[in-house]
$ cat structure.txt   # compact mmCIF, C-alpha atoms
# COMPACT_ATOMS: atom_id res chain seq x y z
CA MET J 1 147.46 298.70 -40.04
CA ALA J 2 148.92 300.43 -43.11
CA LYS J 3 152.14 298.43 -42.71
CA VAL J 4 150.18 295.16 -42.73
CA ASP J 5 148.31 296.25 -45.85
CA LYS J 6 151.55 297.19 -47.64
CA PHE J 7 153.17 293.90 -46.66
CA ALA J 8 150.16 291.90 -47.89
CA GLU J 9 150.17 293.89 -51.14
CA ARG J 10 153.88 293.20 -51.68
CA VAL J 11 153.41 289.49 -51.04
CA ALA J 12 150.41 289.29 -53.37
CA ARG J 13 152.24 291.19 -56.13
CA ALA J 14 155.34 289.02 -55.78
CA PHE J 15 153.19 285.88 -55.97
CA ALA J 16 151.34 287.23 -59.02
CA ASN J 17 154.64 288.06 -60.77
CA ARG J 18 155.95 284.51 -60.29
CA THR J 19 152.73 282.56 -60.91
CA SER J 20 150.39 282.23 -63.86
CA ARG J 21 146.64 281.85 -63.62
CA ARG J 22 146.85 278.46 -65.30
CA SER J 23 149.21 277.07 -62.70
CA VAL J 24 146.97 278.34 -59.88
CA PHE J 25 143.91 276.72 -61.48
CA ALA J 26 145.87 273.50 -62.07
CA PHE J 27 146.90 273.42 -58.40
CA LEU J 28 143.33 274.05 -57.19
CA GLY J 29 142.00 271.40 -59.58
CA GLY J 30 144.52 268.91 -58.24
CA LEU J 31 143.38 269.65 -54.69
CA LEU J 32 139.73 269.07 -55.66
CA VAL J 33 140.45 265.78 -57.44
CA GLY J 34 142.77 264.61 -54.67
CA GLY J 35 140.23 265.47 -52.00
CA ALA J 36 137.53 263.56 -53.86
CA ALA J 37 139.80 260.49 -54.03
CA VAL J 38 140.49 260.35 -50.27
CA PRO J 39 137.37 258.24 -49.46
CA LEU J 40 138.63 255.60 -51.93
CA LEU J 41 141.78 254.93 -49.92
CA PRO J 42 141.95 251.90 -47.59
CA VAL J 43 140.78 252.58 -44.05
CA ILE J 44 142.73 251.40 -41.03
CA ARG J 45 140.67 249.29 -38.71
CA GLY J 46 141.15 249.65 -34.98
CA ARG J 47 140.76 246.99 -32.34
CA GLY J 48 139.03 247.34 -28.99
CA ALA J 49 136.17 249.82 -29.13
CA ALA J 50 136.09 249.70 -32.90
CA HIS J 51 135.72 245.93 -32.77
CA ASN J 52 131.93 246.23 -32.68
CA ARG J 53 131.80 248.00 -36.01
CA ALA J 54 131.32 246.02 -39.19
CA GLY J 55 134.62 245.62 -40.93
CA ASP J 56 137.05 245.37 -38.02
CA HIS J 57 139.25 242.78 -39.67
CA ASP J 58 141.31 242.07 -42.57
CA SER J 59 143.72 239.87 -44.27
CA ASP J 60 147.39 240.24 -44.87
CA ALA J 61 150.11 238.48 -46.65
CA GLY J 62 153.38 236.98 -45.81
CA ASN J 63 156.63 237.57 -47.57
CA ALA J 64 155.93 238.41 -51.20
CA GLY J 65 154.21 241.13 -53.16
CA ALA J 66 151.78 240.96 -56.03
CA ASP J 67 154.59 241.14 -58.57
CA VAL J 68 156.03 237.69 -57.76
CA PRO J 69 156.15 235.72 -61.04
CA LEU J 70 154.12 232.57 -61.40
CA GLU J 71 155.64 229.25 -62.33
CA PRO J 72 153.69 227.49 -65.10
CA GLN J 73 153.03 224.32 -63.13
CA SER J 74 149.97 222.73 -61.64
CA VAL J 75 148.88 224.01 -58.27
CA PRO J 76 146.98 222.21 -55.50
CA SER J 77 143.22 222.10 -55.65
CA GLN J 78 141.28 224.80 -53.81
CA ARG J 79 139.78 222.00 -51.73
CA SER J 80 141.53 220.65 -48.69
CA ALA J 81 141.88 217.24 -47.04
CA SER J 82 144.04 215.93 -49.88
CA LEU J 83 147.68 214.89 -50.04
CA GLN J 84 148.50 217.98 -52.09
CA ASP J 85 146.61 220.32 -49.78
CA PRO J 86 147.05 218.98 -46.24
CA GLY J 87 145.39 220.40 -43.16
CA ASP J 88 142.04 221.53 -41.88
CA PRO J 89 140.83 224.85 -43.38
CA THR J 90 138.76 225.49 -40.25
CA GLN J 91 141.92 225.69 -38.11
CA CYS J 92 144.27 228.66 -37.86
CA ASP J 93 147.33 226.48 -38.42
CA TYR J 94 146.18 225.52 -41.94
CA TRP J 95 149.08 226.27 -44.26
CA ARG J 96 147.28 228.80 -46.49
CA TYR J 97 146.58 231.02 -43.47
CA CYS J 98 150.24 231.92 -42.84
CA ALA J 99 149.38 235.63 -42.68
CA VAL J 100 145.60 235.81 -42.33
CA ASP J 101 144.01 238.16 -39.82
CA GLY J 102 140.28 237.67 -39.28
CA TYR J 103 137.40 235.21 -39.46
CA LEU J 104 137.73 232.15 -41.71
CA CYS J 105 135.03 231.69 -44.35
CA SER J 106 135.42 227.91 -43.97
CA CYS J 107 133.81 228.31 -40.51
CA CYS J 108 131.14 230.74 -41.69
CA GLY J 109 129.17 228.87 -44.34
CA GLY J 110 131.71 229.25 -47.13
CA SER J 111 134.99 227.52 -47.86
CA VAL J 112 138.67 228.33 -48.11
CA SER J 113 138.01 229.53 -51.68
CA SER J 114 134.35 230.67 -51.69
CA CYS J 115 132.23 233.18 -49.80
CA PRO J 116 129.20 232.30 -47.66
CA PRO J 117 125.80 232.74 -49.35
CA GLY J 118 124.62 236.34 -49.38
CA THR J 119 128.11 237.86 -49.42
CA ASP J 120 130.31 239.20 -52.20
CA MET J 121 134.01 238.55 -52.66
CA SER J 122 135.97 241.77 -52.76
CA PRO J 123 137.96 242.24 -55.98
CA ILE J 124 140.58 244.16 -53.97
CA THR J 125 142.91 241.79 -52.21
CA TRP J 126 146.27 241.35 -50.56
CA ILE J 127 148.75 238.86 -51.99
CA GLY J 128 151.29 236.87 -50.00
CA THR J 129 153.16 233.58 -49.91
CA CYS J 130 152.75 230.50 -47.72
CA ARG J 131 154.72 227.25 -47.65
CA ASN J 132 152.80 224.07 -48.49
CA PRO J 133 154.11 221.28 -46.21
CA ALA J 134 153.16 218.65 -48.79
CA ASP J 135 155.81 219.71 -51.31
CA GLU J 136 157.79 222.33 -49.33
CA ARG J 137 157.12 224.99 -51.98
CA GLN J 138 155.99 228.58 -51.56
CA TYR J 139 152.57 229.36 -53.05
CA ILE J 140 151.11 232.76 -53.83
CA ILE J 141 147.96 233.20 -51.75
CA SER J 142 145.29 235.81 -52.39
CA TYR J 143 143.38 236.83 -49.26
CA ASN J 144 139.96 237.99 -50.45
CA ASP J 145 137.45 239.35 -47.96
CA CYS J 146 133.79 238.40 -48.25
CA CYS J 147 131.58 241.39 -47.60
CA GLY J 148 127.93 242.26 -47.17
CA GLY J 149 126.75 239.64 -44.69
CA PRO J 150 126.59 239.57 -40.89
CA ARG J 151 129.85 239.34 -38.99
CA CYS J 152 130.77 235.70 -38.63
CA GLU J 153 132.86 235.98 -35.43
CA ARG J 154 133.96 232.34 -35.62
CA CYS J 155 137.46 230.95 -36.23
CA ASP J 156 139.16 234.28 -35.58
CA CYS J 157 142.79 233.84 -36.66
CA HIS J 158 145.65 236.31 -36.30
CA ARG J 159 148.84 234.76 -37.66
CA ASN J 160 150.26 238.06 -38.96
CA GLU J 161 153.44 236.53 -40.37
CA GLY J 162 155.26 239.14 -42.42
CA GLU J 163 153.14 242.01 -41.13
CA ARG J 164 154.63 245.40 -41.90
CA PRO J 165 154.54 248.65 -39.89
CA ILE J 166 151.52 250.88 -40.37
CA VAL J 167 153.73 253.44 -42.13
CA ARG J 168 153.46 251.12 -45.12
CA PRO J 169 149.68 250.53 -45.27
CA GLN J 170 149.91 248.43 -48.43
CA ASN J 171 151.80 245.82 -46.38
CA ASN J 172 149.67 245.97 -43.25
CA ASN J 173 146.84 243.58 -42.45
CA GLU J 174 144.70 246.07 -40.53
CA ILE J 175 143.34 247.54 -43.76
CA THR J 176 139.77 247.02 -44.84
CA TRP J 177 139.58 245.45 -48.28
CA CYS J 178 135.77 245.55 -48.74
CA PHE J 179 135.93 247.89 -51.72
CA GLY J 180 134.28 247.20 -55.03
CA THR J 181 131.35 245.43 -53.36
CA ALA J 182 127.82 246.60 -52.62
CA SER J 183 128.54 246.69 -48.89
CA GLN J 184 131.72 247.42 -46.92
CA ALA J 185 130.59 245.29 -43.98
CA TYR J 186 133.22 242.60 -43.41
CA THR J 187 132.10 238.97 -42.96
CA CYS J 188 135.10 236.64 -43.39
CA THR J 189 138.23 235.92 -45.44
CA THR J 190 139.14 233.33 -48.06
CA ALA J 191 142.61 232.15 -49.10
CA LEU J 192 142.89 231.42 -52.83
CA ILE J 193 145.94 229.84 -54.45
CA LEU J 194 147.16 231.90 -57.40
CA GLY J 195 150.30 229.97 -58.30
CA ILE J 196 153.77 228.93 -57.24
CA ALA J 197 156.21 231.63 -56.18
CA ILE J 198 159.57 231.62 -57.92
CA ASN J 199 162.53 232.53 -55.77
CA GLU J 200 164.59 235.30 -57.34
CA ARG J 201 168.25 234.50 -57.77
$ encode --input "structure.txt" --output "structure tokens"
Amino acid sequence: MAKVDKFAERVARAFANRTSRRSVFAFLGGLLVGGAAVPLLPVIRGRGAAHNRAGDHDSDAGNAGADVPLEPQSVPSQRSASLQDPGDPTQCDYWRYCAVDGYLCSCCGGSVSSCPPGTDMSPITWIGTCRNPADERQYIISYNDCCGGPRCERCDCHRNEGERPIVRPQNNNEITWCFGTASQAYTCTTALILGIAINER
């Protein structure tokens, strides 16, 4: 037992000789702040048994990140059924849904660009690009979840184009984005046009 005590004393003295009190307190403070920030991180949603929980879905994006520059040109209206914005926003093959994963707000009392009554649009979103067949251009699409209402469970779409491995959670569509709202219960997803994507040369 004396050998263990002497070894522990030597280790403690060596640590004390190489470390200041300030650095120890800074390290412990970092652990406390980091631990407090863990609940703010996105949560991975599982399928199957977890499907019955509120918030089992989310949206994803296709091929571009949030830093894609916008081209200063007019963009199609947020409404559909026009020549500029062809397709049915209640169908999974609608062009704006190229990487959506979840229930469509256009089938749940909202629209492609607005939440159903009684829900809040999450300010935290995933950005991606989808090709508009009307003009063959790539548009930046913001997939915003609507949160706080009952689960819609209609028009469940899983296109998942451009989905990334889970080792890169910022590029994965199984992340809950209902943060910044009063409730984290997922209802449905919108697809807002932010602008035209410029191809880098």
$ atom_distance --input "structure.txt" --atom1 "atom CA of J:Gly148" --atom2 "atom CA of J:Cys115"
10.4 Å
$ closest_residue --input "structure.txt" --among "J:Gly30, J:Leu192, J:Ala8, J:Cys130" --to "J:Ser111" --atoms "all atoms listed in the file"
J:Leu192
$ closest_residue --input "structure.txt" --among "J:Cys157, J:Cys105, J:Ala185, J:Cys147" --to "J:Pro123" --atoms "all atoms listed in the file"
J:Cys147
$ atom_distance --input "structure.txt" --atom1 "atom CA of J:Asp101" --atom2 "atom CA of J:Glu153"
12.2 Å
$ atom_distance --input "structure.txt" --atom1 "atom CA of J:Tyr103" --atom2 "atom CA of J:Ser122"
14.9 Å
$ residues_around --input "structure.txt" --residues "stretch 87-95 of chain J" --least-positions-apart "5" --cutoff "8 Å" --atoms "all atoms listed in the file" --output "ChimeraX atom specification"
/J:80-81,104,106-107,111-112,130-133,155-159
$ residues_around --input "structure.txt" --residues "J:Pro116" --least-positions-apart "2" --cutoff "9 Å" --atoms "only C-alpha atoms" --output "PDB file with C-alpha atoms, in the frame of the given file"
ATOM      1  CA  CYS J 105     135.030 231.690 -44.350  1.00  0.00           C
ATOM      2  CA  SER J 106     135.420 227.910 -43.970  1.00  0.00           C
ATOM      3  CA  CYS J 108     131.140 230.740 -41.690  1.00  0.00           C
ATOM      4  CA  GLY J 109     129.170 228.870 -44.340  1.00  0.00           C
ATOM      5  CA  GLY J 110     131.710 229.250 -47.130  1.00  0.00           C
ATOM      6  CA  SER J 111     134.990 227.520 -47.860  1.00  0.00           C
ATOM      7  CA  SER J 114     134.350 230.670 -51.690  1.00  0.00           C
ATOM      8  CA  GLY J 118     124.620 236.340 -49.380  1.00  0.00           C
ATOM      9  CA  THR J 119     128.110 237.860 -49.420  1.00  0.00           C
ATOM     10  CA  ASP J 120     130.310 239.200 -52.200  1.00  0.00           C
ATOM     11  CA  CYS J 146     133.790 238.400 -48.250  1.00  0.00           C
ATOM     12  CA  GLY J 149     126.750 239.640 -44.690  1.00  0.00           C
ATOM     13  CA  THR J 187     132.100 238.970 -42.960  1.00  0.00           C
ATOM     14  CA  CYS J 188     135.100 236.640 -43.390  1.00  0.00           C
TER      15      CYS J 188
END
$ closest_residue --input "structure.txt" --among "J:Tyr97, J:Phe7, J:Phe25, J:Phe15" --to "J:Glu161" --atoms "all atoms listed in the file"
J:Tyr97
$ closest_residue --input "structure.txt" --among "J:Gln184, J:Gln84, J:Ser113, J:Asn160" --to "J:Asp135" --atoms "all atoms listed in the file"
J:Gln84
$ residues_around --input "structure.txt" --residues "stretch 139-142 of chain J" --least-positions-apart "2" --cutoff "6 Å" --atoms "all atoms listed in the file" --output "VMD selection string"
chain J and resid 126 to 130 191 to 197
$ closest_residue --input "structure.txt" --among "J:Gln138, J:Asp145, J:Val100, J:Ser183" --to "J:Ile198" --atoms "only C-alpha atoms"
J:Gln138
$ build_atoms --input "structure.txt" --residues "stretch 146-157 of chain J" --atoms "all heavy atoms" --output "short mmCIF file (atom, residue, chain, number, x, y, z; two decimals), in the frame of the given file"
data_model
loop_
_atom_site.label_atom_id
_atom_site.label_comp_id
_atom_site.auth_asym_id
_atom_site.auth_seq_id
_atom_site.Cartn_x
_atom_site.Cartn_y
_atom_site.Cartn_z
N CYS J 146 135.19 238.53 -47.85
CA CYS J 146 133.79 238.40 -48.25
C CYS J 146 133.00 239.45 -47.47
O CYS J 146 133.13 239.55 -46.25
CB CYS J 146 133.27 237.00 -47.95
SG CYS J 146 134.13 235.72 -48.90
N CYS J 147 132.21 240.20 -48.18
CA CYS J 147 131.58 241.39 -47.60
C CYS J 147 130.07 241.39 -47.85
O CYS J 147 129.61 240.83 -48.83
CB CYS J 147 132.19 242.65 -48.22
SG CYS J 147 134.00 242.61 -48.29
N GLY J 148 129.35 242.05 -46.96
CA GLY J 148 127.93 242.26 -47.17
C GLY J 148 127.03 241.41 -46.31
O GLY J 148 125.82 241.61 -46.29
N GLY J 149 127.56 240.47 -45.58
CA GLY J 149 126.75 239.64 -44.69
C GLY J 149 126.99 240.01 -43.24
O GLY J 149 127.77 240.91 -42.94
N PRO J 150 126.35 239.30 -42.32
CA PRO J 150 126.59 239.57 -40.89
C PRO J 150 128.00 239.13 -40.52
O PRO J 150 128.59 238.25 -41.15
CB PRO J 150 125.53 238.72 -40.19
CG PRO J 150 125.21 237.64 -41.16
CD PRO J 150 125.36 238.24 -42.54
N ARG J 151 128.53 239.75 -39.47
CA ARG J 151 129.85 239.34 -38.99
C ARG J 151 129.80 237.90 -38.51
O ARG J 151 128.93 237.52 -37.74
CB ARG J 151 130.29 240.26 -37.84
CG ARG J 151 130.70 241.63 -38.31
CD ARG J 151 130.92 242.57 -37.14
NE ARG J 151 131.96 242.11 -36.23
CZ ARG J 151 133.25 242.37 -36.38
NH1 ARG J 151 133.65 243.08 -37.41
NH2 ARG J 151 134.13 241.94 -35.52
N CYS J 152 130.78 237.12 -38.98
CA CYS J 152 130.77 235.70 -38.63
C CYS J 152 131.21 235.49 -37.19
O CYS J 152 130.54 234.77 -36.43
CB CYS J 152 131.72 234.95 -39.57
SG CYS J 152 132.00 233.25 -39.10
N GLU J 153 132.31 236.06 -36.78
CA GLU J 153 132.86 235.98 -35.43
C GLU J 153 133.13 234.54 -34.99
O GLU J 153 132.99 234.20 -33.82
CB GLU J 153 131.95 236.70 -34.43
CG GLU J 153 131.82 238.18 -34.75
CD GLU J 153 131.13 238.97 -33.66
OE1 GLU J 153 130.68 238.36 -32.67
OE2 GLU J 153 131.04 240.20 -33.81
N ARG J 154 133.52 233.69 -35.94
CA ARG J 154 133.96 232.34 -35.62
C ARG J 154 135.30 232.10 -36.30
O ARG J 154 135.57 232.64 -37.36
CB ARG J 154 132.95 231.30 -36.08
CG ARG J 154 131.69 231.33 -35.25
CD ARG J 154 130.81 230.14 -35.53
NE ARG J 154 130.43 230.13 -36.94
CZ ARG J 154 129.74 229.14 -37.50
NH1 ARG J 154 129.38 228.10 -36.79
NH2 ARG J 154 129.42 229.19 -38.76
N CYS J 155 136.14 231.27 -35.70
CA CYS J 155 137.46 230.95 -36.23
C CYS J 155 138.25 232.23 -36.50
O CYS J 155 138.68 232.50 -37.62
CB CYS J 155 137.35 230.12 -37.50
SG CYS J 155 136.51 228.54 -37.27
N ASP J 156 138.43 233.02 -35.47
CA ASP J 156 139.16 234.28 -35.58
C ASP J 156 140.66 233.99 -35.49
O ASP J 156 141.15 233.56 -34.45
CB ASP J 156 138.73 235.22 -34.44
CG ASP J 156 139.23 236.64 -34.64
OD1 ASP J 156 139.77 236.93 -35.73
OD2 ASP J 156 139.10 237.44 -33.70
N CYS J 157 141.37 234.18 -36.58
CA CYS J 157 142.79 233.84 -36.66
C CYS J 157 143.63 235.09 -36.89
O CYS J 157 143.28 235.94 -37.71
CB CYS J 157 143.04 232.85 -37.79
SG CYS J 157 142.20 231.27 -37.56
#
